[in-house]
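**Student:** After the structure tokens below, expect a handful of questions from me.
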Amino acid sequence: MVAFNDIRDQFPILGQKIHRHPLVYFDSAATAQKPRCVIDAESNFYETINAGVHRGAHELASRSTVAFEEARTKVAKLVGAAYGEGQEEIVVTSGATAGLNLLATSFGNASQGRGGHEAAGFALKPGDEIVVSKAEHHSVLLPFQELALRTGATLKWFDLTDDGRIRSDMADEIITERTKVVAITHVSNVTGAITDVELIIRRAHEVGALFILDACQSVPHLDIDLHQMDVDFAVWSAHKMYGPTGVGFLYGKRDLLEALPPANFGGSMVELAWMDKPAQYMQPPERFEAGTQPVAQVVAAGAAADWMREIGMANIEAHERSITAELLKLNDIAGFRVLGPVDERNRIGTVSFDVQGVHPHDVGQFFDSKGIAVRVGHHCAQPVHRHFGLFASNRASTGVYNTAEEARQLVETADEVRLFFGV
Amino acid sequence: MSSDDFEQMYQEVILDASKNPHGKEQFALDVTSESSATAETGVQANHEYCTPGESHQFNPTCGDQVTVHVEVSDSEPRRIERLVWDGSGCSISTASLSMMVDLVDGKTVEEAMQLESAFQQLMQSRGAGLDDADEKEALGDAVVFQGVSKYPMRIKCALLGWAGLKDSLAKALAAS
């Protein structure tokens, strides 16, 4: 039995009051708070290790490189990816958005013949199809929409059920022999629904398409094994999994990373560079890590990954599910509508809701006056809001530190909103 | 790291081997010259009844780079009939290449891979060295690299040539 009260005490930020109320933080889907061990890992790096990685013969450079590569291994273990020199499947990026743009840019480069015959499997041409869903974050939708525009490929998408789930049952119709790339979210950052990706992955591979998983909202909350899921690529960010901002990770099956042409060019990703000859690039993961990396933050993200594994992802999942059940009672308040599945099965504790007659920004301000932090707006996912006939909503999202009592407090506060605004 | 560790890394036998390395010839592109040949030269065997394999290896930390060239007999047991290399690097990588040539030139591919595995283990030992007396004996002078294995950033230097050997052997075997 994990003592989640003790875990909560590891978060220094949660001890404060906001507008004279104890802080109740329900915005972890935007960014999670950081436990002491993550904050310490980052400051300790600057106090004792700081130096460039993969460079220099001095002791600090050596320690820095070891710490950076150890962090890569810790992150790999969290998601069931391969690690060890020459086997790495985790690429450091500046965030999930950067990881998705990296893939889209790289596929675009392959479409222009870069990367040679080995990269031909990533190339797109007119008539090919890219498949996404209506539930995608703009970070998935836009890079691949632009890629379709650049290459002449057609963008297609999965529609959603009334309660906002991706229609995985339509996989055989939507994914066709012409489909080359399928990019789908594992968990919607608006509805909190867990996608039944198994059907989609199986169908994508049946037609020889690549499957990309947006794992931003699943890695922090669910026990994930990317090998077992058989995804080809996955992206997520460190700051939503209790790590620092400015860092994300791209997972790729090793053989795919080896064939993938680079997307960003510069230092630390090239073996030989000439004035009059094409350069010879390094092997993955370095091939995709041009420029100086956020080393301290990567090291701290590794500490976050270890910390999560120590608590146990299954324990985190169960703890948050009990809070989700409380949050879903929002749907029972008159004038409130939860956007997404209304029972806690196959979903996480990211609960978006509409309050009839009160603008999300006003709702958010009301919660804030009671010390409760929720997100308002379209959450960078406009199409899924249009699916519900809206442009913006309110969103409460759980983290490992939340309690059922906090959820009840949020629901009680919600109950007063419409009265306050006179609707 | 103490100065003892430092001296254990740069042992006399390593410094000597790096000054007069064995097996070094000029056949690969010269990375110090922009006008170095652009055309990929086909890999050719000097020996009859042999299949060649070549591998270019690069170490970004030092800027070491080496092209290893092997020729493997077509008849069983598959034997390394010729092993040469071209490149430039630090004293650790150069000495390691030189001792590798001494150790595996003329050996069967199987024997060479056993030596490669023993050397790999030595370099992963973090200064502890090898437990197996037979493996130690087989590596001969190359056991002096035990001192290098204490320096994580230099392990790759010592393994560079061996990585090239492994890869070029794989290419030669695949081509024949």
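In the structure tokens, the first chain shown is A, the next is B, and so on; residue numbers restart at 1 for each chain, and ligands run from 1 in the order shown.
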Within 12 Å of chain B, which residues of chain A come that close, and what is the closest atom pair and distance in Å for each? Count only C-alpha atoms and give it as a Markdown table.
**Tutor:**
| residue | atom | partner | partner_atom | distance |
| --- | --- | --- | --- | --- |
| A:Gly52 | CA | B:Thr61 | CA | 10.8 |
| A:Val53 | CA | B:Thr61 | CA | 8.9 |
| A:His54 | CA | B:Thr61 | CA | 5.5 |
| A:Arg55 | CA | B:Thr61 | CA | 4.7 |
| A:Gly56 | CA | B:Thr61 | CA | 6.4 |
| A:Ala57 | CA | B:Met153 | CA | 7.0 |
| A:His58 | CA | B:Met153 | CA | 8.9 |
| A:Glu59 | CA | B:Met1 | CA | 7.9 |
| A:Leu60 | CA | B:Met153 | CA | 10.6 |
| A:Ala61 | CA | B:Met153 | CA | 8.3 |
| A:Ser62 | CA | B:Met153 | CA | 5.7 |
| A:Arg63 | CA | B:Pro152 | CA | 8.5 |
| A:Ser64 | CA | B:Met153 | CA | 10.3 |
| A:Thr65 | CA | B:Met153 | CA | 8.0 |
| A:Val66 | CA | B:Pro152 | CA | 7.6 |
| A:Ala67 | CA | B:Pro152 | CA | 11.3 |
| A:Glu69 | CA | B:Pro152 | CA | 11.4 |
| A:Glu85 | CA | B:Lys156 | CA | 10.3 |
| A:Gly86 | CA | B:Ala163 | CA | 11.1 |
| A:Gly267 | CA | B:Pro60 | CA | 10.4 |
| A:Ser268 | CA | B:Pro60 | CA | 7.6 |
| A:Met269 | CA | B:Pro60 | CA | 9.0 |
| A:Val270 | CA | B:Pro60 | CA | 8.3 |
| A:Glu271 | CA | B:Phe58 | CA | 6.5 |
| A:Leu272 | CA | B:Val31 | CA | 7.8 |
| A:Ala273 | CA | B:Val31 | CA | 9.2 |
| A:Trp274 | CA | B:Glu34 | CA | 6.7 |
| A:Met275 | CA | B:Glu34 | CA | 7.2 |
| A:Asp276 | CA | B:Glu34 | CA | 7.9 |
| A:Lys277 | CA | B:Thr38 | CA | 7.5 |
| A:Pro278 | CA | B:Thr38 | CA | 10.1 |
| A:Ala279 | CA | B:Thr38 | CA | 11.8 |
| A:Gln280 | CA | B:Phe58 | CA | 10.3 |
| A:Tyr281 | CA | B:Phe58 | CA | 10.3 |
| A:Met282 | CA | B:Phe58 | CA | 8.6 |
| A:Gln283 | CA | B:Phe58 | CA | 10.2 |
| A:Glu286 | CA | B:Pro60 | CA | 10.1 |
| A:Arg287 | CA | B:Pro60 | CA | 11.7 |
**Student:** If you run DSSP on this backbone, which residues of chain B come out as alpha helix (DSSP H), and could you give them as a PyMOL selection string?
**Tutor:** chain B and resi 3-9+12-19+91-104+109-123+133-139+152-175
**Student:** Have a look at B:Ala45, B:Leu159, B:Gly147, B:Ser73 and name the one nearest to Gln11 in chain B; count only C-alpha atoms.
**Tutor:**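 Result for the nearest residue to Gln11 in chain B: B:Gly147.
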**Student:** Please measure the separation of CA of Ala17 in chain B and CA of Gly129 in chain B, giving the value in Å to one decimal.
**Tutor:** 20.4 Å
**Student:** If you run DSSP on the backbone here, which positions in range 16-211 of chain A get strand (DSSP E or B)? Please write them as an MDAnalysis selection string.
**Tutor:** chainID A and resid 17:18 21:22 24:25 27 90:93 129:133 154:158 160 166 179:185 187 193:194 210:211
**Student:** Smallest atom-to-atom distance to Ile39 in chain A: which of A:Pro261, A:Pro244, A:Pro285, A:Gly115, using only C-alpha atoms?
**Tutor:**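 Between A:Pro261, A:Pro244, A:Pro285, A:Gly115, the residue approaching Ile39 in chain A most closely is A:Pro244.
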**Student:** Measuring atom to atom with only C-alpha atoms, identify which of A:Lys125, A:His361, A:Lys370, A:Arg408 is nearest to Ala392 in chain A.
**Tutor:**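 Closest residue, counting only C-alpha atoms: A:His361.
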**Student:** What is the CA of Asp86 in chain B to CA of Val66 in chain B distance in Å?
**Tutor:**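 CA of Val66 in chain B lies at a distance of 5.6 Å from CA of Asp86 in chain B.
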**Student:** Within 10 Å of range 113-125 of chain B, counting only C-alpha atoms, which residues show up once you throw out same-chain ones fewer than 6 positions away? Write them as a PyMOL selection string, please.
**Tutor:** chain B and resi 100+103-104+107+131-132+134-136+138-139+142-152+154-156+158-159+162-163+165-166+169
**Student:** For the selection just defined, write its residues with C-alpha atoms to a file, as a CSV table (one decimal), in the first residue's frame.
**Tutor:**
chain,number,residue,atom,x,y,z
B,100,MET,CA,44.3,-5.6,-32.0
B,103,LEU,CA,46.2,-10.2,-31.7
B,104,VAL,CA,43.9,-11.1,-34.5
B,107,LYS,CA,43.5,-15.8,-36.6
B,131,ASP,CA,38.4,-12.8,-13.8
B,132,ASP,CA,39.0,-15.5,-16.4
B,134,ASP,CA,42.5,-17.8,-19.9
B,135,GLU,CA,40.9,-14.7,-21.4
B,136,LYS,CA,43.5,-12.6,-19.7
B,138,ALA,CA,44.7,-14.6,-24.6
B,139,LEU,CA,44.6,-10.8,-24.6
B,142,ALA,CA,46.1,-5.7,-24.4
B,143,VAL,CA,45.2,-6.3,-20.7
B,144,VAL,CA,47.0,-3.0,-20.0
B,145,PHE,CA,43.7,-1.3,-21.2
B,146,GLN,CA,42.3,-2.3,-17.8
B,147,GLY,CA,43.4,1.2,-16.6
B,148,VAL,CA,41.5,2.9,-19.4
B,149,SER,CA,38.3,1.1,-18.4
B,150,LYS,CA,38.1,3.4,-15.3
B,151,TYR,CA,37.5,6.4,-17.6
B,152,PRO,CA,34.0,6.2,-19.1
B,154,ARG,CA,37.8,6.8,-23.0
B,155,ILE,CA,36.3,3.3,-23.3
B,156,LYS,CA,34.9,4.2,-26.7
B,158,ALA,CA,39.8,1.8,-26.9
B,159,LEU,CA,36.9,0.0,-28.5
B,162,TRP,CA,37.4,-3.5,-32.3
B,163,ALA,CA,34.0,-2.1,-33.4
B,165,LEU,CA,36.8,-5.2,-36.8
B,166,LYS,CA,33.5,-6.7,-35.8
B,169,LEU,CA,34.1,-9.0,-40.5
**Student:** Using only C-alpha atoms, determine which residues lie at most 12 Å from Ala170 in chain B, disregarding the query and same-chain residues fewer than 6 positions distant; provide the list as a PyMOL selection string.
**Tutor:** chain B and resi 51-55+69-72+78+109-110+112-113+163-164+176
**Student:** Next, the residues of the selection above should be written as a PDB file, in the first residue's frame with N, CA and C atoms.
**Tutor:**
ATOM      1  N   THR B  51      37.544 -12.632 -49.240  1.00  0.00           N
ATOM      2  CA  THR B  51      36.488 -11.623 -49.372  1.00  0.00           C
ATOM      3  C   THR B  51      36.805 -10.474 -48.429  1.00  0.00           C
ATOM      4  N   PRO B  52      36.793  -9.230 -48.966  1.00  0.00           N
ATOM      5  CA  PRO B  52      37.132  -8.094 -48.110  1.00  0.00           C
ATOM      6  C   PRO B  52      35.900  -7.502 -47.422  1.00  0.00           C
ATOM      7  N   GLY B  53      36.151  -6.791 -46.350  1.00  0.00           N
ATOM      8  CA  GLY B  53      35.105  -6.021 -45.672  1.00  0.00           C
ATOM      9  C   GLY B  53      35.748  -4.783 -45.073  1.00  0.00           C
ATOM     10  N   GLU B  54      35.015  -3.671 -45.114  1.00  0.00           N
ATOM     11  CA  GLU B  54      35.568  -2.449 -44.564  1.00  0.00           C
ATOM     12  C   GLU B  54      34.546  -1.764 -43.667  1.00  0.00           C
ATOM     13  N   SER B  55      35.038  -1.079 -42.658  1.00  0.00           N
ATOM     14  CA  SER B  55      34.128  -0.376 -41.765  1.00  0.00           C
ATOM     15  C   SER B  55      34.757   0.927 -41.303  1.00  0.00           C
ATOM     16  N   HIS B  69      40.053  -2.488 -42.511  1.00  0.00           N
ATOM     17  CA  HIS B  69      39.917  -3.299 -43.717  1.00  0.00           C
ATOM     18  C   HIS B  69      40.329  -4.742 -43.396  1.00  0.00           C
ATOM     19  N   VAL B  70      39.442  -5.683 -43.605  1.00  0.00           N
ATOM     20  CA  VAL B  70      39.806  -7.097 -43.402  1.00  0.00           C
ATOM     21  C   VAL B  70      39.632  -7.869 -44.695  1.00  0.00           C
ATOM     22  N   GLU B  71      40.383  -8.936 -44.800  1.00  0.00           N
ATOM     23  CA  GLU B  71      40.167  -9.900 -45.887  1.00  0.00           C
ATOM     24  C   GLU B  71      40.083 -11.270 -45.250  1.00  0.00           C
ATOM     25  N   VAL B  72      38.981 -11.961 -45.557  1.00  0.00           N
ATOM     26  CA  VAL B  72      38.691 -13.244 -44.910  1.00  0.00           C
ATOM     27  C   VAL B  72      38.763 -14.348 -45.956  1.00  0.00           C
ATOM     28  N   ARG B  78      37.169 -19.996 -41.781  1.00  0.00           N
ATOM     29  CA  ARG B  78      37.319 -18.630 -42.271  1.00  0.00           C
ATOM     30  C   ARG B  78      38.388 -17.935 -41.433  1.00  0.00           C
ATOM     31  N   VAL B 109      38.102 -16.295 -37.818  1.00  0.00           N
ATOM     32  CA  VAL B 109      37.075 -15.319 -37.453  1.00  0.00           C
ATOM     33  C   VAL B 109      36.531 -15.645 -36.062  1.00  0.00           C
ATOM     34  N   GLU B 110      36.360 -16.937 -35.801  1.00  0.00           N
ATOM     35  CA  GLU B 110      35.829 -17.358 -34.505  1.00  0.00           C
ATOM     36  C   GLU B 110      36.761 -16.940 -33.367  1.00  0.00           C
ATOM     37  N   ALA B 112      38.946 -14.565 -33.453  1.00  0.00           N
ATOM     38  CA  ALA B 112      38.950 -13.097 -33.377  1.00  0.00           C
ATOM     39  C   ALA B 112      37.745 -12.593 -32.590  1.00  0.00           C
ATOM     40  N   MET B 113      36.590 -13.233 -32.803  1.00  0.00           N
ATOM     41  CA  MET B 113      35.385 -12.775 -32.112  1.00  0.00           C
ATOM     42  C   MET B 113      35.452 -13.102 -30.624  1.00  0.00           C
ATOM     43  N   ALA B 163      35.344  -2.272 -32.765  1.00  0.00           N
ATOM     44  CA  ALA B 163      34.023  -2.107 -33.383  1.00  0.00           C
ATOM     45  C   ALA B 163      34.158  -2.195 -34.901  1.00  0.00           C
ATOM     46  N   GLY B 164      35.254  -1.600 -35.408  1.00  0.00           N
ATOM     47  CA  GLY B 164      35.515  -1.639 -36.850  1.00  0.00           C
ATOM     48  C   GLY B 164      35.801  -3.059 -37.317  1.00  0.00           C
ATOM     49  N   SER B 176      30.430 -12.801 -48.880  1.00  0.00           N
ATOM     50  CA  SER B 176      30.979 -14.006 -49.517  1.00  0.00           C
ATOM     51  C   SER B 176      29.949 -15.110 -49.611  1.00  0.00           C
TER      52      SER B 176
END
**Student:** By how many Å are CA of Asn101 in chain A and CA of Met313 in chain A apart?
**Tutor:**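 CA of Met313 in chain A lies 28.4 Å from CA of Asn101 in chain A.
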**Student:** Which is closer to Asp74 in chain B than all the others in B:Gly127, B:His47, B:Ile92, B:Met99, using only C-alpha atoms?
**Tutor:**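 Among the listed residues, B:His47 lies closest to Asp74 in chain B.
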**Student:** Using only C-alpha atoms, pick whichever of A:Ala404, A:Ile7, A:Ala110, A:Ala51 has the shortest atom-to-atom distance to Glu310 in chain A.
**Tutor:**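 Nearest candidate to Glu310 in chain A out of A:Ala404, A:Ile7, A:Ala110, A:Ala51: A:Ile7.
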**Student:** Give me the residues near range 79-82 of chain A as a list in words, where near means some atom within 6 Å (using only C-alpha atoms) and where sequence neighbours in that chain fewer than 3 positions away do not count.
**Tutor:**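 Final neighbour list, sorted by chain and number: Ala76, Glu88, Glu89, Ile224, Asp225 and Leu226 of chain A.
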**Student:** Suppose we keep C-alpha atoms; can you now write the selection as an mmCIF file, in the first residue's frame?
**Tutor:**
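Result file is out.cif:
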data_model
loop_
_atom_site.group_PDB
_atom_site.id
_atom_site.type_symbol
_atom_site.label_atom_id
_atom_site.label_comp_id
_atom_site.auth_asym_id
_atom_site.auth_seq_id
_atom_site.Cartn_x
_atom_site.Cartn_y
_atom_site.Cartn_z
ATOM 1 C CA ALA A 76 13.522 3.973 -21.442
ATOM 2 C CA GLU A 88 18.979 3.282 -27.594
ATOM 3 C CA GLU A 89 15.384 3.943 -28.621
ATOM 4 C CA ILE A 224 2.983 1.648 -20.546
ATOM 5 C CA ASP A 225 5.067 -0.846 -22.493
ATOM 6 C CA LEU A 226 5.813 0.554 -25.936
#
**Student:** Residues at most 12 Å from Asn5 in chain A, counting only C-alpha atoms, excluding those fewer than 4 positions away in the same chain, as an mmCIF file with C-alpha atoms, in the first residue's frame?
**Tutor:**
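Written file, result_19.cif:
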data_model
loop_
_atom_site.group_PDB
_atom_site.id
_atom_site.type_symbol
_atom_site.label_atom_id
_atom_site.label_comp_id
_atom_site.auth_asym_id
_atom_site.auth_seq_id
_atom_site.Cartn_x
_atom_site.Cartn_y
_atom_site.Cartn_z
ATOM 1 C CA MET A 1 0.000 0.000 0.000
ATOM 2 C CA ASP A 9 4.367 15.989 1.045
ATOM 3 C CA GLN A 10 7.264 15.603 -1.408
ATOM 4 C CA PHE A 11 5.892 18.529 -3.456
ATOM 5 C CA LEU A 14 1.642 22.362 -2.719
ATOM 6 C CA HIS A 319 -5.076 6.252 -6.930
ATOM 7 C CA VAL A 400 -0.426 11.763 -8.142
ATOM 8 C CA TYR A 401 -0.678 14.359 -5.341
ATOM 9 C CA ASN A 402 -4.423 15.027 -5.572
ATOM 10 C CA THR A 403 -6.858 13.605 -3.031
ATOM 11 C CA ALA A 404 -10.489 12.527 -3.241
ATOM 12 C CA GLU A 405 -11.189 15.252 -0.659
#
**Student:** If we count only C-alpha atoms, what is near Phe27 in chain B at a cut-off of 10 Å, once residues fewer than 4 positions away on the same chain are taken out, given as a list in words?
**Tutor:** Thr41, Thr67, His69, Val84, Trp85, Asp86 and Gly87 of chain B
**Student:** Okay, now the selection with C-alpha atoms, as a compact mmCIF listing (two decimals), in the first residue's frame?
**Tutor:**
# COMPACT_ATOMS: atom_id res chain seq x y z
CA THR B 41 36.52 3.57 -53.77
CA THR B 67 38.61 2.64 -41.43
CA HIS B 69 39.92 -3.30 -43.72
CA VAL B 84 44.92 -3.12 -41.98
CA TRP B 85 43.51 0.20 -40.95
CA ASP B 86 43.75 3.88 -41.81
CA GLY B 87 42.73 6.83 -39.73
